[in-house]
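Down below is the structure, laid out as structure tokens.
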Amino acid sequence: LAQKAFSCFYEYPLIGQYLDGTTASGLYEARLGKEEMGKENHVFAPAYKDADIKELGEICDHIIFNSFAQLRRHKDAVPGKSLGLRINPECSTQGDHAIYDPCAPGSRLGVTKEVFDCEIAAEPELFEALDGLHFHTLCEQNADDLAKTLEAVEEKFGPWLSKIKWLNMGGGHHITRDDYDRELLIKCIRHIRDTYGVEVYLEPGEAIALNAGYLVTKGWGRHVERTMDTFEIIYVNSGTLGIFEEDVEYDVEKGEALILFPGRHHGGTRDFDED
């Protein structure tokens, strides 16, 4: 589960019945995955702080680096963990999502073939520190774009794939969309697994909850008591909301709005109306 796309942790026990774990983009997401799902826990970030890497090594199973410089800097601080490196297959498939394209010219997300080959030639022992490779190039896309990307990955990084333990194909796979070609996805996974003998990971995020439905509920309970550091605007769509701010009480009627100020304690004065 890619938590940056879906982090409603109340659903993690249910999701955990179907997925093998969580992936994070930093320390706090990694903590969330560890605490709320408690299964296999992965993390990738463009860069890691020295202050964070020790804890990430304690709570994560896979730690993926964005560059050889990051790998050099942190690999010895996380002994026993499965380490990976993000690669850039230089294969743009984004189309309408070009703004999110990590393969765009000048992108600093992932290592290109040229850089990869140069670094390994100069320092072969760096490859020995790696268990896997990772790419993330899709955004709400179908399996045909994955197939195209895999062709580029095999062309540029094929000689290395049989020497690693796992390949992480990232997220952006709209697996639960009605028109998604799941048979092609299965074909792609089997091809990589059978050809190179690696374990294959996917990181679905939005697809976990895509078109899952919407929530309709009757009013129950009352507005929580709290003090916030930002403004809050409350609009009442139906019924009447009883609420206080400091020592002033309000009855906010249907069609009315109330602005609550930062630093002022507020909360409900009575239970919500059932409508």
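Ordering of the structure tokens sets the chain letters (A, B, ...), residue numbers begin anew at 1 in every chain, and ligands are numbered from 1 in the order given.
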Considering only C-alpha atoms, return as a PDB file with N, CA, C and O atoms, in the first residue's frame whatever protein or nucleic-acid residues lie within 10 Å of Ser162 of chain A, sequence-local ones (same chain, fewer than 6 positions apart) excluded.
```
ATOM      1  N   ILE A 192       8.858 -10.926 -15.878  1.00  0.00           N
ATOM      2  CA  ILE A 192      10.014 -10.453 -15.111  1.00  0.00           C
ATOM      3  C   ILE A 192      10.434 -11.500 -14.091  1.00  0.00           C
ATOM      4  O   ILE A 192      11.631 -11.810 -13.937  1.00  0.00           O
ATOM      5  N   ARG A 193       9.463 -12.066 -13.404  1.00  0.00           N
ATOM      6  CA  ARG A 193       9.770 -13.049 -12.365  1.00  0.00           C
ATOM      7  C   ARG A 193      10.439 -14.290 -12.956  1.00  0.00           C
ATOM      8  O   ARG A 193      11.451 -14.783 -12.443  1.00  0.00           O
ATOM      9  N   THR A 195      11.863 -14.664 -16.011  1.00  0.00           N
ATOM     10  CA  THR A 195      13.067 -14.414 -16.809  1.00  0.00           C
ATOM     11  C   THR A 195      14.287 -14.158 -15.938  1.00  0.00           C
ATOM     12  O   THR A 195      15.391 -14.639 -16.233  1.00  0.00           O
ATOM     13  N   TYR A 196      14.078 -13.420 -14.854  1.00  0.00           N
ATOM     14  CA  TYR A 196      15.227 -12.978 -14.055  1.00  0.00           C
ATOM     15  C   TYR A 196      15.275 -13.602 -12.654  1.00  0.00           C
ATOM     16  O   TYR A 196      16.244 -13.380 -11.926  1.00  0.00           O
ATOM     17  N   GLY A 197      14.246 -14.344 -12.286  1.00  0.00           N
ATOM     18  CA  GLY A 197      14.253 -15.006 -10.990  1.00  0.00           C
ATOM     19  C   GLY A 197      14.166 -14.056  -9.814  1.00  0.00           C
ATOM     20  O   GLY A 197      14.722 -14.339  -8.743  1.00  0.00           O
ATOM     21  N   VAL A 198      13.466 -12.937 -10.000  1.00  0.00           N
ATOM     22  CA  VAL A 198      13.356 -11.941  -8.930  1.00  0.00           C
ATOM     23  C   VAL A 198      11.943 -11.931  -8.354  1.00  0.00           C
ATOM     24  O   VAL A 198      10.978 -12.361  -8.995  1.00  0.00           O
TER      25      VAL A 198
END
```
* Nearby residues (only C-alpha atoms) at most 6 Å from Gly84 of chain A, same-chain spacing under 2 positions excluded, as a list in words ->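 The contact residues come out as Ile64, Leu130, Asp131, Gly132 and Leu133 of chain A.
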Output for the residues just chosen: all heavy atoms as a short mmCIF file (atom, residue, chain, number, x, y, z; two decimals), in the first residue's frame:
```
data_model
loop_
_atom_site.label_atom_id
_atom_site.label_comp_id
_atom_site.auth_asym_id
_atom_site.auth_seq_id
_atom_site.Cartn_x
_atom_site.Cartn_y
_atom_site.Cartn_z
N ILE A 64 15.05 2.13 0.16
CA ILE A 64 15.42 2.39 -1.23
C ILE A 64 16.00 3.79 -1.33
O ILE A 64 15.41 4.76 -0.86
CB ILE A 64 14.20 2.25 -2.16
CG1 ILE A 64 13.63 0.82 -2.05
CG2 ILE A 64 14.58 2.56 -3.61
CD1 ILE A 64 12.31 0.63 -2.77
N LEU A 130 23.40 -3.89 -2.84
CA LEU A 130 22.01 -3.80 -3.29
C LEU A 130 21.35 -5.17 -3.37
O LEU A 130 21.92 -6.12 -3.88
CB LEU A 130 21.95 -3.14 -4.67
CG LEU A 130 22.37 -1.67 -4.76
CD1 LEU A 130 22.40 -1.23 -6.22
CD2 LEU A 130 21.43 -0.79 -3.94
N ASP A 131 20.11 -5.22 -2.89
CA ASP A 131 19.27 -6.41 -3.08
C ASP A 131 18.28 -6.20 -4.21
O ASP A 131 17.78 -7.18 -4.79
CB ASP A 131 18.47 -6.72 -1.81
CG ASP A 131 19.32 -7.40 -0.75
OD1 ASP A 131 20.33 -8.01 -1.10
OD2 ASP A 131 18.95 -7.31 0.44
N GLY A 132 17.95 -4.94 -4.51
CA GLY A 132 16.90 -4.72 -5.50
C GLY A 132 17.01 -3.38 -6.19
O GLY A 132 17.79 -2.51 -5.82
N LEU A 133 16.18 -3.26 -7.24
CA LEU A 133 16.05 -2.01 -7.99
C LEU A 133 14.58 -1.60 -7.97
O LEU A 133 13.68 -2.43 -7.83
CB LEU A 133 16.54 -2.18 -9.43
CG LEU A 133 18.02 -2.52 -9.61
CD1 LEU A 133 18.33 -2.75 -11.09
CD2 LEU A 133 18.91 -1.42 -9.04
#
```
* DSSP says strand (DSSP E) for which residues of segment 27-228 of chain A? Put them as a VMD selection string? -> chain A and resid 40 to 44 62 to 65 82 to 86 132 to 134 166 to 168 199 to 201 226 to 227
* Asked: What is the atom CA of Gly263 of chain A to atom CA of Arg226 of chain A distance in Å?
  ->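 Between atom CA of Gly263 of chain A and atom CA of Arg226 of chain A the gap is 9.5 Å.
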* What's the 9 Å shell around segment 42-50 of chain A, counting only C-alpha atoms, without same-chain residues fewer than 5 positions away, as number ranges by chain? -> A: 21-27, 29-30, 33, 56, 59-67, 70, 73-74, 84, 86, 108-110
* To do: Could you please determine the separation between atom CA of Glu35 of chain A and atom CA of Val224 of chain A in Å, to one decimal place?
  => 24.7 Å
* How far is it from atom CA of Leu85 of chain A to atom CA of Thr149 of chain A, in Å with one decimal? ->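 Between atom CA of Leu85 of chain A and atom CA of Thr149 of chain A the gap is 17.0 Å.
Closest to Trp220 of chain A among A:Arg270, A:His265, A:Arg177, A:Lys254 is A:Arg270, based on only C-alpha atoms.
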Identify, on the basis of only C-alpha atoms, every residue whose closest approach to Phe272 of chain A does not exceed 12 Å; exclude the query and any residue fewer than 3 positions from it along the same chain; express the result as a CSV table (one decimal) with C-alpha atoms, in the first residue's frame.
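Saved the output as out_10.csv:
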```csv
chain,number,residue,atom,x,y,z
A,217,THR,CA,-24.5,9.0,7.6
A,218,LYS,CA,-27.0,10.6,10.0
A,219,GLY,CA,-25.7,13.0,12.6
A,220,TRP,CA,-24.4,11.4,15.7
A,221,GLY,CA,-22.4,12.6,18.6
A,222,ARG,CA,-21.2,16.2,19.0
A,223,HIS,CA,-18.4,18.5,17.7
A,224,VAL,CA,-15.1,17.6,19.3
A,236,VAL,CA,-24.3,23.7,8.3
A,238,SER,CA,-29.0,20.8,7.5
A,239,GLY,CA,-30.2,20.9,11.1
A,240,THR,CA,-28.7,23.1,13.8
A,241,LEU,CA,-25.2,22.9,15.2
A,242,GLY,CA,-24.6,23.8,18.9
A,243,ILE,CA,-21.1,24.9,19.4
A,251,ASP,CA,-26.6,27.9,17.4
A,252,VAL,CA,-25.6,27.6,13.7
A,253,GLU,CA,-28.6,27.1,11.5
A,268,GLY,CA,-20.0,21.1,20.8
A,269,THR,CA,-22.7,22.1,23.3
A,275,ASP,CA,-30.8,15.0,10.1
```
* What's the 10 Å shell around His136 of chain A, counting only C-alpha atoms, without same-chain residues fewer than 4 positions away, as a PyMOL selection string? -> chain A and resi 86-89+101-103+109-110+146+149+168-173+202-203
* **Closest of A:Glu249, A:Asp117, A:Glu256, A:Glu90 to Ala104 of chain A - atom-to-atom distances counting only C-alpha atoms** =>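 For Ala104 of chain A, the nearest of the candidates is A:Glu90.
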* Shortest interatomic distance to Glu125 of chain A - which of A:Gln94, A:Tyr100, A:Arg72, A:Thr230, counting only C-alpha atoms ->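 Of all the options, A:Arg72 lies closest to Glu125 of chain A.
Minimum atom-to-atom distance to Lys4 of chain A, evaluated using only C-alpha atoms, belongs to A:Pro204 out of A:Pro204, A:Val248, A:Asn237, A:Ala121.
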